[in-house]
>>> print(open('protein_33.txt').read())   # compact mmCIF, C-alpha atoms
# COMPACT_ATOMS: atom_id res chain seq x y z
CA MET A 20 -16.54 -0.39 -2.32
CA ASP A 21 -13.32 -2.15 -3.28
CA LYS A 22 -10.98 -1.04 -0.51
CA LYS A 23 -8.64 -3.74 0.73
CA ILE A 24 -7.71 -4.02 4.40
CA LEU A 25 -4.93 -6.09 5.93
CA ILE A 26 -5.45 -7.21 9.55
CA ILE A 27 -2.24 -8.24 11.32
CA GLU A 28 -3.42 -9.83 14.57
CA ASP A 29 -2.28 -13.04 16.30
CA GLU A 30 -5.54 -13.81 18.16
CA ALA A 31 -7.94 -15.72 15.90
CA ALA A 32 -10.99 -14.51 17.86
CA ILE A 33 -10.05 -10.86 17.33
CA GLN A 34 -9.31 -11.52 13.66
CA LYS A 35 -12.88 -12.81 13.34
CA ILE A 36 -14.39 -9.95 15.36
CA LEU A 37 -12.72 -7.49 12.97
CA SER A 38 -13.00 -9.39 9.69
CA GLU A 39 -16.72 -10.16 9.71
CA PRO A 40 -18.10 -6.62 10.19
CA LEU A 41 -15.47 -5.14 7.86
CA THR A 42 -16.42 -7.66 5.18
CA PHE A 43 -20.13 -6.98 5.79
CA ALA A 44 -19.37 -3.25 5.38
CA GLY A 45 -17.99 -3.98 1.90
CA TYR A 46 -14.24 -4.14 2.48
CA LYS A 47 -12.01 -6.90 1.13
CA VAL A 48 -10.21 -8.30 4.17
CA THR A 49 -7.02 -10.34 4.45
CA ALA A 50 -5.59 -11.49 7.78
CA ALA A 51 -2.08 -12.36 8.97
CA SER A 52 -1.29 -14.01 12.32
CA ASP A 53 2.20 -12.69 13.13
CA GLY A 54 4.49 -9.84 12.19
CA LEU A 55 6.55 -11.78 9.67
CA GLN A 56 3.46 -13.09 7.88
CA GLY A 57 2.05 -9.57 7.93
CA ILE A 58 5.12 -8.12 6.20
CA ASN A 59 5.10 -10.91 3.62
CA THR A 60 1.37 -10.45 2.93
CA PHE A 61 1.87 -6.69 2.58
CA HIS A 62 4.50 -7.38 -0.08
CA GLU A 63 2.31 -9.86 -1.93
CA GLN A 64 -0.70 -7.57 -2.43
CA VAL A 65 -1.62 -3.89 -2.53
CA PHE A 66 -3.80 -2.74 0.38
CA ASP A 67 -5.57 0.51 1.23
CA LEU A 68 -5.28 0.29 5.03
CA ILE A 69 -3.67 -1.86 7.74
CA LEU A 70 -5.06 -2.73 11.18
CA LEU A 71 -1.98 -3.68 13.16
CA ASP A 72 -1.69 -5.27 16.59
CA ILE A 73 1.41 -4.32 18.58
CA MET A 74 2.02 -7.47 20.65
CA LEU A 75 2.75 -9.87 17.78
CA PRO A 76 4.87 -13.02 17.54
CA LYS A 77 8.10 -13.03 15.47
CA ILE A 78 8.09 -9.29 14.71
CA ASP A 79 6.29 -6.84 17.00
CA GLY A 80 3.83 -4.31 15.64
CA TYR A 81 6.05 -1.29 16.24
CA THR A 82 8.77 -2.87 14.09
CA VAL A 83 6.25 -3.93 11.44
CA CYS A 84 4.98 -0.35 11.28
CA GLU A 85 8.52 0.98 11.00
CA MET A 86 9.38 -1.49 8.21
CA ILE A 87 6.25 -0.65 6.21
CA ARG A 88 6.87 3.08 6.60
CA GLN A 89 10.26 2.65 4.94
CA GLU A 90 8.48 1.86 1.68
CA SER A 91 4.85 2.97 1.89
CA GLN A 92 2.56 5.68 3.28
CA ILE A 93 -0.41 3.30 3.54
CA PRO A 94 -2.77 4.27 6.42
CA ILE A 95 -2.00 2.24 9.56
CA ILE A 96 -4.20 1.93 12.65
CA LEU A 97 -2.59 0.34 15.69
CA LEU A 98 -4.76 -1.98 17.83
CA THR A 99 -3.37 -2.83 21.26
CA ALA A 100 -4.00 -3.44 24.94
CA LEU A 101 -1.10 -1.07 25.69
CA ASP A 102 -2.92 2.10 26.64
CA THR A 103 -0.41 4.36 28.37
CA GLU A 104 0.46 7.74 26.94
CA ASP A 105 4.04 6.60 26.28
CA ASP A 106 2.79 3.57 24.32
CA GLN A 107 0.60 5.77 22.15
CA ILE A 108 3.37 8.30 21.60
CA LYS A 109 5.70 5.49 20.54
CA GLY A 110 3.10 4.36 18.01
CA PHE A 111 2.83 7.83 16.52
CA ASP A 112 6.61 8.15 16.54
CA LYS A 113 6.62 5.09 14.28
CA LEU A 114 4.31 7.11 11.98
CA ALA A 115 1.09 5.22 12.63
CA ASP A 116 -2.00 7.21 11.60
CA ASP A 117 -4.30 6.22 14.45
CA TYR A 118 -4.36 4.21 17.69
CA ILE A 119 -7.24 2.17 19.16
CA THR A 120 -6.93 0.42 22.52
CA LYS A 121 -8.39 -2.97 23.46
CA PRO A 122 -11.05 -3.81 24.36
CA PHE A 123 -12.54 -1.75 21.56
CA SER A 124 -15.95 -1.05 20.09
CA ILE A 125 -16.26 -2.50 16.59
CA LYS A 126 -18.44 0.49 15.71
CA LEU A 127 -15.53 2.74 16.66
CA VAL A 128 -13.12 0.70 14.55
CA LEU A 129 -15.46 0.93 11.54
CA LYS A 130 -15.81 4.70 11.96
CA ARG A 131 -12.05 5.19 12.34
CA VAL A 132 -11.41 3.06 9.23
CA GLU A 133 -14.07 4.94 7.27
CA ALA A 134 -12.74 8.34 8.35
CA LEU A 135 -9.11 7.52 7.61
CA LEU A 136 -9.90 6.08 4.18
CA ARG A 137 -12.13 9.06 3.40
CA ARG A 138 -9.36 11.46 4.39
CA THR A 139 -6.71 9.68 2.33
CA SER A 140 -9.08 9.34 -0.63
CA SER A 141 -9.85 13.05 -0.40
CA ASP A 142 -6.14 13.82 -0.44
CA MET A 143 -5.75 11.71 -3.58
CA VAL A 144 -8.61 13.48 -5.32
CA SER A 145 -7.45 16.99 -4.48
CA ASP A 146 -3.73 16.42 -5.02
CA CYS A 147 -1.94 14.80 -7.92
CA ILE A 148 0.78 12.29 -7.22
CA ARG A 149 4.00 14.10 -8.03
CA TYR A 150 7.49 12.71 -8.44
CA LYS A 151 10.17 15.09 -9.69
CA GLU A 152 8.99 16.10 -13.21
CA ILE A 153 6.15 13.56 -13.26
CA SER A 154 2.59 14.48 -12.25
CA LEU A 155 -0.17 11.86 -12.25
CA SER A 156 -3.89 12.39 -11.69
CA GLU A 157 -5.60 9.11 -10.87
CA THR A 158 -9.11 10.56 -11.20
CA GLU A 159 -8.41 12.18 -14.58
CA ARG A 160 -6.18 9.31 -15.76
CA LYS A 161 -3.69 11.93 -16.85
CA VAL A 162 0.11 11.97 -16.74
CA THR A 163 2.37 14.92 -17.47
CA VAL A 164 6.15 15.18 -17.54
CA SER A 165 7.56 18.69 -17.14
CA GLY A 166 4.07 20.01 -17.88
CA ASN A 167 3.67 18.06 -21.14
CA GLU A 168 0.92 15.42 -21.26
CA VAL A 169 2.04 11.87 -22.02
CA ALA A 170 -0.38 9.41 -23.61
CA LEU A 171 -0.18 6.05 -21.83
CA THR A 172 -2.06 2.81 -22.38
CA HIS A 173 -4.22 1.47 -19.56
CA LEU A 174 -1.53 -1.00 -18.46
CA GLU A 175 1.27 1.58 -18.65
CA PHE A 176 -0.78 3.95 -16.50
CA GLU A 177 -1.48 1.24 -13.92
CA ILE A 178 2.19 0.26 -13.75
CA LEU A 179 3.26 3.86 -13.21
CA LEU A 180 0.52 4.41 -10.62
CA LEU A 181 1.65 1.32 -8.71
CA PHE A 182 5.27 2.51 -8.69
CA LEU A 183 4.38 6.06 -7.60
CA LYS A 184 2.14 4.84 -4.76
CA ASN A 185 4.89 2.55 -3.51
CA LYS A 186 8.10 4.52 -4.05
CA GLY A 187 11.15 2.52 -3.03
CA ARG A 188 9.39 -0.85 -3.17
CA VAL A 189 10.78 -3.38 -5.63
CA PHE A 190 8.19 -5.21 -7.70
CA THR A 191 9.12 -8.50 -9.35
CA ARG A 192 7.75 -9.31 -12.77
CA ASP A 193 5.38 -11.80 -11.12
CA ASP A 194 4.21 -9.03 -8.76
CA LEU A 195 3.36 -6.83 -11.74
CA LEU A 196 1.58 -9.65 -13.55
CA ASN A 197 -0.54 -10.29 -10.45
CA LEU A 198 -1.19 -6.71 -9.38
CA VAL A 199 -1.61 -4.98 -12.76
CA TRP A 200 -2.69 -7.68 -15.20
CA GLY A 201 -4.59 -9.72 -12.60
CA TYR A 202 -4.34 -13.25 -11.28
CA ASP A 203 -6.14 -14.73 -14.30
CA PHE A 204 -3.67 -13.25 -16.79
CA VAL A 205 -1.86 -15.87 -18.83
CA GLY A 206 1.45 -14.60 -20.15
CA ASP A 207 5.15 -14.44 -19.52
CA GLU A 208 7.62 -11.99 -18.10
CA LYS A 209 8.60 -10.72 -21.55
CA GLY A 210 5.27 -8.88 -21.64
CA VAL A 211 6.21 -7.01 -18.46
CA ASN A 212 9.61 -6.08 -19.89
CA PHE A 213 7.96 -4.78 -23.07
CA HIS A 214 5.55 -2.52 -21.16
CA ILE A 215 8.29 -1.20 -18.89
CA MET A 216 10.42 -0.41 -21.97
CA ASN A 217 7.54 1.47 -23.62
CA LEU A 218 6.73 3.33 -20.40
CA ARG A 219 10.33 4.48 -20.06
CA LYS A 220 10.37 5.69 -23.67
CA LYS A 221 7.15 7.66 -23.29
CA LEU A 222 8.14 9.29 -19.99
CA ASN A 223 11.62 10.07 -21.38
CA VAL A 224 12.98 10.33 -17.82
CA ASP A 225 15.13 7.63 -16.28
CA TYR A 226 13.27 7.06 -12.99
CA ILE A 227 12.16 3.44 -13.34
CA GLU A 228 15.10 1.46 -12.00
CA THR A 229 15.95 -2.13 -12.84
CA VAL A 230 17.01 -4.05 -9.74
CA ARG A 231 19.14 -6.75 -11.30
CA GLY A 232 17.81 -10.24 -10.81
CA VAL A 233 14.74 -8.98 -8.91
CA GLY A 234 12.49 -6.50 -10.72
CA TYR A 235 11.70 -2.79 -10.98
CA ARG A 236 11.06 0.21 -8.77
CA ILE A 237 10.91 3.98 -8.61
CA ALA A 238 13.30 5.13 -5.92
CA LYS A 239 12.24 7.34 -3.03
CA GLU A 240 12.99 11.02 -3.44
CA ASN A 241 15.93 12.27 -1.39
>>> encode(input="protein_33.txt", output="structure tokens")
Amino acid sequence: MDKKILIIEDEAAIQKILSEPLTFAGYKVTAASDGLQGINTFHEQVFDLILLDIMLPKIDGYTVCEMIRQESQIPIILLTALDTEDDQIKGFDKLADDYITKPFSIKLVLKRVEALLRRTSSDMVSDCIRYKEISLSETERKVTVSGNEVALTHLEFEILLLFLKNKGRVFTRDDLLNLVWGYDFVGDEKGVNFHIMNLRKKLNVDYIETVRGVGYRIAKEN
């Protein structure tokens, strides 16, 4: 199992209560201690699921959820001591996927995480990622544009997959080096530019945008 989970929780004891069993269950866990750190950590790495406390310093969990939803459909489970119906409705209005109240059973958290990841993974297997004329199958490693298959290298495929999973999010060249090539890659930004150029040529559709002075993205569909 290589699923990565981000815990955004300000209480160190609860971070530990969550992190240890999740790690033992095979997940890769990263923790952030306030809303601002959580947003920054989310932008630094690619995660499969977020466990998000609501009562956070600096930026509250509702706002964090809202900010993340502006650029990603990553599964989000809210963890909070706020247990009224209105509190839960507000969480779902912010497009959270699930809601667990404190004090909670760690067994319940593990089951909710497992179920949500299984459901989202099932959706990915059964449905291609589609963006306008582009269709990408992660399981088949296949990309088509307007029904015509496009042959991509491994790195080109991974770059496109990253963009399509995070529509609207801007990735710097350093982001792409870290997330696609890997932290141990030794190279320069010219390599990123070269692969982006080749990917654009092969797709022959102008959807990969250059954000001047920052990096690249695929814009959200209107």
>>> closest_residue(input="protein_33.txt", among="A:Ile119, A:Ile58, A:Leu41, A:Val199", to="Asp79 in chain A", atoms="all atoms listed in the file")
A:Ile58
>>> closest_residue(input="protein_33.txt", among="A:Asp106, A:Glu39, A:Asp112, A:Asn217", to="Glu85 in chain A", atoms="only C-alpha atoms")
A:Asp112
>>> residues_around(input="protein_33.txt", residues="Asp21 in chain A", least_positions_apart="6", cutoff="9 Å", atoms="only C-alpha atoms", output="count of residues only")
3
>>> residues_around(input="protein_33.txt", residues="Pro40 in chain A", least_positions_apart="5", cutoff="10 Å", atoms="only C-alpha atoms", output="PyMOL selection string")
chain A and resi 35+45-46+125-126+128-129
>>> atom_distance(input="protein_33.txt", atom1="CA of Leu196 in chain A", atom2="CA of Val48 in chain A")
21.3 Å
>>> residues_around(input="protein_33.txt", residues="Phe66 in chain A", least_positions_apart="2", cutoff="8 Å", atoms="only C-alpha atoms", output="list of chain:residue names")
A:Lys22, A:Lys23, A:Ile24, A:Leu25, A:Phe61, A:Gln64, A:Leu68, A:Ile69, A:Ile93
>>> atom_distance(input="protein_33.txt", atom1="CA of Ile108 in chain A", atom2="CA of Gly80 in chain A")
14.0 Å
>>> atom_distance(input="protein_33.txt", atom1="CA of Lys121 in chain A", atom2="CA of Ala134 in chain A")
19.4 Å
>>> residues_around(input="protein_33.txt", residues="Gly54 in chain A", least_positions_apart="4", cutoff="12 Å", atoms="only C-alpha atoms", output="list in words")
Leu25, Ile26, Ile27, Glu28, Asp29, Ala50, Ile58, Asn59, Thr60, Phe61, Leu70, Leu71, Asp72, Ile73, Met74, Leu75, Pro76, Lys77, Ile78, Asp79, Gly80, Tyr81, Thr82, Val83, Cys84, Glu85, Met86 and Ile87 of chain A
>>> closest_residue(input="protein_33.txt", among="A:Gly187, A:Ser124, A:Glu175, A:Thr158", to="Val211 in chain A", atoms="only C-alpha atoms")
A:Glu175
>>> axis_aligned_box(input="protein_33.txt", around="range 77-84 of chain A", padding_each_side="4 Å", output="JSON")
{"center_x": 6.3, "center_y": -6.7, "center_z": 14.1, "size_x": 12.9, "size_y": 20.7, "size_z": 13.7}
>>> closest_residue(input="protein_33.txt", among="A:Glu177, A:Gly110, A:Asn223, A:Gly234", to="Thr163 in chain A", atoms="all atoms listed in the file")
A:Asn223
>>> closest_residue(input="protein_33.txt", among="A:Ala51, A:Glu133, A:His62, A:Leu127", to="Glu90 in chain A", atoms="all atoms listed in the file")
A:His62
>>> closest_residue(input="protein_33.txt", among="A:Arg131, A:Arg88, A:Lys184, A:Lys161", to="Ile237 in chain A", atoms="all atoms listed in the file")
A:Lys184
>>> residues_around(input="protein_33.txt", residues="Ser165 in chain A", least_positions_apart="6", cutoff="9 Å", atoms="all atoms listed in the file", output="PyMOL selection string")
chain A and resi 151-154
